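Accompanying notes for the structure given below.
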Amino acid sequence: MKAVAARHVRRELLPGQSAALLQELHLLTRTGDLNADARRKLKQINHFFGLLQPALDALGRDGHVPLAIDAGAGNAYLGFVLYELWLGPLGRGELWSVEARPELVAQSEARSARLGSERMRFLPRRVADLWPAPGTLEVEGRRVDAVVALHACDTATDDALVLGIRAEAAVIAVVPCCQAEVARQLSGADALRAGVGSLWRHGLHRREFAAHLTNVLRALTLEAHGYEVAVTELVGWEHSAKNELILGRKTQRGNALARRQLDGLRAVLPPLDMGLLRALDAKDH
Ligand SMILES: C[S@@+](CC[C@H](N)C(=O)[O-])C[C@H]1O[C@@H](n2cnc3c(N)ncnc32)[C@H](O)[C@@H]1O
């Protein structure tokens with residue numbers, strides 16, 4: 001992906017998106033150019049926003065005051081863009097940016113003060129620390145409408161899913177990052193057993209299969225908890241290998257067919273100790 005000179009940057013922006021914000025986020029250089037890496041990042045964030053926008057707009061209807069959580073926020077690029085394009089124009093609602101590294105949180109907080117994004121809150125916490133206790137739906141005493149996670153590392157994506165599912169958030173959207181939890185366990189499982197073990201006997205197949213399986217289990221888990229799920233590509237595969245968007249919208253309490261499919265799939269696999277399944281099994285969903 002090529003760099004874009006300052007005079008052409010406007011073409012890369014969404015309606016309502018300001019070059020000033022991107023400059024503050026250091027996605028634009030001091031002279032206003034968009035270098036190749038920043039362009040890739042911006043493309044991912046803007047596509048994420050575009051795919052999410054109808055669901056977010058629905059959350060702001062009828063005077064509702066939405067609360068969204070960005071889990072594993074890093075530099076909070078996504079959060080600032082959501083604020084500028086969604087919560088800012090809406091004039092109400094909050095975005096909580098959750099990030100385990102305190103130095104990133106402090107940086108984002110300072111940025112937010114400069115930008116005047118008053119309804120953003122920055123939490124130097126691990127996502128799992130915010131899980132509602134079984135039997136409650138609230139996070140820090142509040143109901144949550146949306147949980148998003150863009151490339152939250154490894155199992156942090158699952159922590160975001162547990163957060164959203166336990167909170168019964170209306171919208172949950174994740175773009176998973178690299179994942180190792182399942183691959184590690186498959187490598188210990190009997191790869192030579194007849195049948196399914198052949199799917200992961202070679203290291204490369206194991207990594208790809210485990211990533212695919214992890215995302216299948218994530219999508220089925222959302223469905224089993226009453227989410228209607230769409231799995232789509234975020235940007236072209238030439239721009240990023242971590243490119244799968246799993247978008248869930250809560251439409252019912254639970255889904256018995258998806259639950260059976262999930263259980264059926266788990267039954268043909270070696271036993272997997274996956275944090276996502278453990279956290280939700282524990283709640284007896
Ligand atoms: C690859 S970065 C992505 C950041 C951002 N979402 C983006 O797309 O630019 C992943 C971030 O998740 C944070 N992280 C990883 N595990 C976490 C956890 N369990 N709780 C909170 N943050 C976590 C890391 O510190 C890192 O900043």
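All residue names refer to the structure tokens as shown: chains lettered A, B, ... in order, residues numbered from 1 in each chain, ligands numbered from 1 in order.
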Contacts with ligand 1 at most 8 Å, only C-alpha atoms and all ligand atoms counted, listed as an NGL selection string: :A and (41 or 45 or 70-78 or 98-101 or 104 or 124-128 or 149-156 or 159 or 177)
In region 113-193 of chain A, DSSP alpha helix (DSSP H) residues written as a VMD selection string: chain A and resid 113 to 115 156 to 167 181 to 188
Polymer residues at most 9 Å from region 47-53 of chain A, only C-alpha atoms, same-chain spacing of 5 or more positions, as a PyMOL selection string: chain A and resi 14+42+58+78+81-82+85-86+150+171+173+175+234-235+245+247
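Residues in contact with Leu137 (chain A) at 12 Å, where only C-alpha atoms are counted and same-chain residues fewer than 3 positions away are skipped, are listed as A:Leu130, A:Trp131, A:Pro132, A:Ala133, A:Pro134, A:Glu140, A:Gly141, A:Arg142, A:Arg143, A:Val144, A:Asp145, A:Val162, A:Leu163, A:Gly164, A:Ile165, A:Arg166, A:Ala167, A:Glu168, A:Ala169.
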Atoms to include: C-alpha atoms. Write the selected residues as a short mmCIF file (atom, residue, chain, number, x, y, z; two decimals), in the first residue's frame.
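The resulting again_8.cif:
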```
data_model
loop_
_atom_site.label_atom_id
_atom_site.label_comp_id
_atom_site.auth_asym_id
_atom_site.auth_seq_id
_atom_site.Cartn_x
_atom_site.Cartn_y
_atom_site.Cartn_z
CA LEU A 130 -14.42 -5.89 33.95
CA TRP A 131 -16.47 -9.05 33.42
CA PRO A 132 -19.82 -8.77 35.13
CA ALA A 133 -20.06 -11.26 37.97
CA PRO A 134 -22.27 -14.23 37.09
CA GLU A 140 -18.75 -0.83 36.90
CA GLY A 141 -22.40 -0.32 37.75
CA ARG A 142 -23.48 0.40 34.16
CA ARG A 143 -25.25 -1.47 31.37
CA VAL A 144 -23.11 -1.81 28.26
CA ASP A 145 -24.54 -1.57 24.75
CA VAL A 162 -17.06 -12.91 27.49
CA LEU A 163 -17.46 -9.30 28.62
CA GLY A 164 -20.04 -8.58 25.92
CA ILE A 165 -21.93 -11.86 26.32
CA ARG A 166 -22.12 -11.66 30.11
CA ALA A 167 -23.20 -8.02 29.90
CA GLU A 168 -25.74 -8.97 27.20
CA ALA A 169 -24.44 -6.13 25.06
#
```
DSSP-assigned strand (DSSP E or B) among region 74-252 of chain A, expressed as a ChimeraX atom specification: /A:94-98,120-123,139,142,146-150,171-175,227-233,244-250
For Leu87 (chain A), work out the shell of residues within 9 Å, counting only C-alpha atoms and skipping chain neighbours fewer than 6 positions away, then give it as an mmCIF file with all heavy atoms, in the first residue's frame.
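Wrote it out as selection-v4.cif, contents follow:
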```cif
data_model
loop_
_atom_site.group_PDB
_atom_site.id
_atom_site.type_symbol
_atom_site.label_atom_id
_atom_site.label_comp_id
_atom_site.auth_asym_id
_atom_site.auth_seq_id
_atom_site.Cartn_x
_atom_site.Cartn_y
_atom_site.Cartn_z
ATOM 1 N N GLY A 60 -28.226 4.385 19.168
ATOM 2 C CA GLY A 60 -28.444 5.783 19.584
ATOM 3 C C GLY A 60 -29.871 6.256 19.337
ATOM 4 O O GLY A 60 -30.193 7.415 19.588
ATOM 5 N N PRO A 66 -26.008 5.582 24.692
ATOM 6 C CA PRO A 66 -25.261 4.324 24.590
ATOM 7 C C PRO A 66 -23.920 4.353 25.320
ATOM 8 O O PRO A 66 -23.275 5.398 25.434
ATOM 9 C CB PRO A 66 -25.039 4.171 23.079
ATOM 10 C CG PRO A 66 -25.146 5.546 22.520
ATOM 11 C CD PRO A 66 -26.007 6.350 23.438
ATOM 12 N N GLY A 93 -23.830 9.724 25.144
ATOM 13 C CA GLY A 93 -23.221 8.390 25.156
ATOM 14 C C GLY A 93 -21.760 8.462 25.540
ATOM 15 O O GLY A 93 -21.137 9.528 25.516
ATOM 16 N N GLU A 94 -21.234 7.300 25.926
ATOM 17 C CA GLU A 94 -19.834 7.233 26.377
ATOM 18 C C GLU A 94 -19.084 6.115 25.699
ATOM 19 O O GLU A 94 -19.674 5.104 25.312
ATOM 20 C CB GLU A 94 -19.794 6.956 27.887
ATOM 21 C CG GLU A 94 -20.132 8.149 28.732
ATOM 22 C CD GLU A 94 -20.125 7.794 30.208
ATOM 23 O OE1 GLU A 94 -19.222 7.052 30.653
ATOM 24 O OE2 GLU A 94 -21.036 8.265 30.916
ATOM 25 N N LEU A 95 -17.791 6.325 25.590
ATOM 26 C CA LEU A 95 -16.918 5.275 25.112
ATOM 27 C C LEU A 95 -15.840 5.021 26.152
ATOM 28 O O LEU A 95 -15.132 5.943 26.540
ATOM 29 C CB LEU A 95 -16.277 5.670 23.778
ATOM 30 C CG LEU A 95 -15.554 4.461 23.180
ATOM 31 C CD1 LEU A 95 -16.000 4.242 21.751
ATOM 32 C CD2 LEU A 95 -14.064 4.607 23.255
ATOM 33 N N ARG A 119 -16.547 12.600 26.719
ATOM 34 C CA ARG A 119 -17.302 11.393 27.070
ATOM 35 C C ARG A 119 -16.517 10.114 26.771
ATOM 36 O O ARG A 119 -17.087 9.061 26.609
ATOM 37 C CB ARG A 119 -18.658 11.428 26.369
ATOM 38 C CG ARG A 119 -19.611 12.445 27.018
ATOM 39 C CD ARG A 119 -20.900 12.614 26.265
ATOM 40 N NE ARG A 119 -20.738 13.443 25.079
ATOM 41 C CZ ARG A 119 -20.956 13.046 23.838
ATOM 42 N NH1 ARG A 119 -21.373 11.826 23.591
ATOM 43 N NH2 ARG A 119 -20.772 13.876 22.826
#
```
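Once region 28-33 of chain A and its same-chain neighbours fewer than 4 positions away are set aside, Val4, Ala5, Ala6, Leu22 and Gln23 of chain A remain within 6 Å of it when counting only C-alpha atoms.
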Computed interatomic separation between CA of Phe80 (chain A) and CA of Arg92 (chain A) (Å): 14.8 Å
Shortest interatomic distance to Ala230 (chain A) - which of A:Ile172, A:Met120, A:Leu204, A:Ala110, counting only C-alpha atoms: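 Looking at the shortest contact to Ala230 (chain A), the residue is A:Ile172.
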Shell around Ser187 (chain A) at 8 Å using only C-alpha atoms, local window under 5 positions removed, as a ChimeraX atom specification: /A:200-201,206
Could the residues in this selection be written to a file with N, CA, C and O atoms, as a CSV table (one decimal), in the first residue's frame?
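The resulting selection.csv:
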```csv
chain,number,residue,atom,x,y,z
A,200,TRP,N,-4.4,-31.3,11.6
A,200,TRP,CA,-3.4,-30.4,12.3
A,200,TRP,C,-2.1,-31.1,12.5
A,200,TRP,O,-1.3,-30.7,13.4
A,201,ARG,N,-1.8,-32.1,11.7
A,201,ARG,CA,-0.5,-32.9,11.9
A,201,ARG,C,0.7,-32.0,11.6
A,201,ARG,O,1.7,-32.0,12.3
A,206,ARG,N,-1.6,-26.7,11.4
A,206,ARG,CA,-2.1,-26.6,12.8
A,206,ARG,C,-2.4,-25.1,13.1
A,206,ARG,O,-3.4,-24.8,13.7
```
Residue nearest Gln185 (chain A) among A:Leu272, A:Ala3, A:Leu265, A:Leu90 (counting only C-alpha atoms): A:Leu272
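The shortest atom-to-atom distance to Arg111 (chain A), with only C-alpha atoms taken into account, belongs to A:Leu21 out of A:Val216, A:Val139, A:Leu34, A:Leu21.
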Gap from CA of Arg114 (chain A) to CA of Gln17 (chain A) - Å, one decimal: 17.0 Å
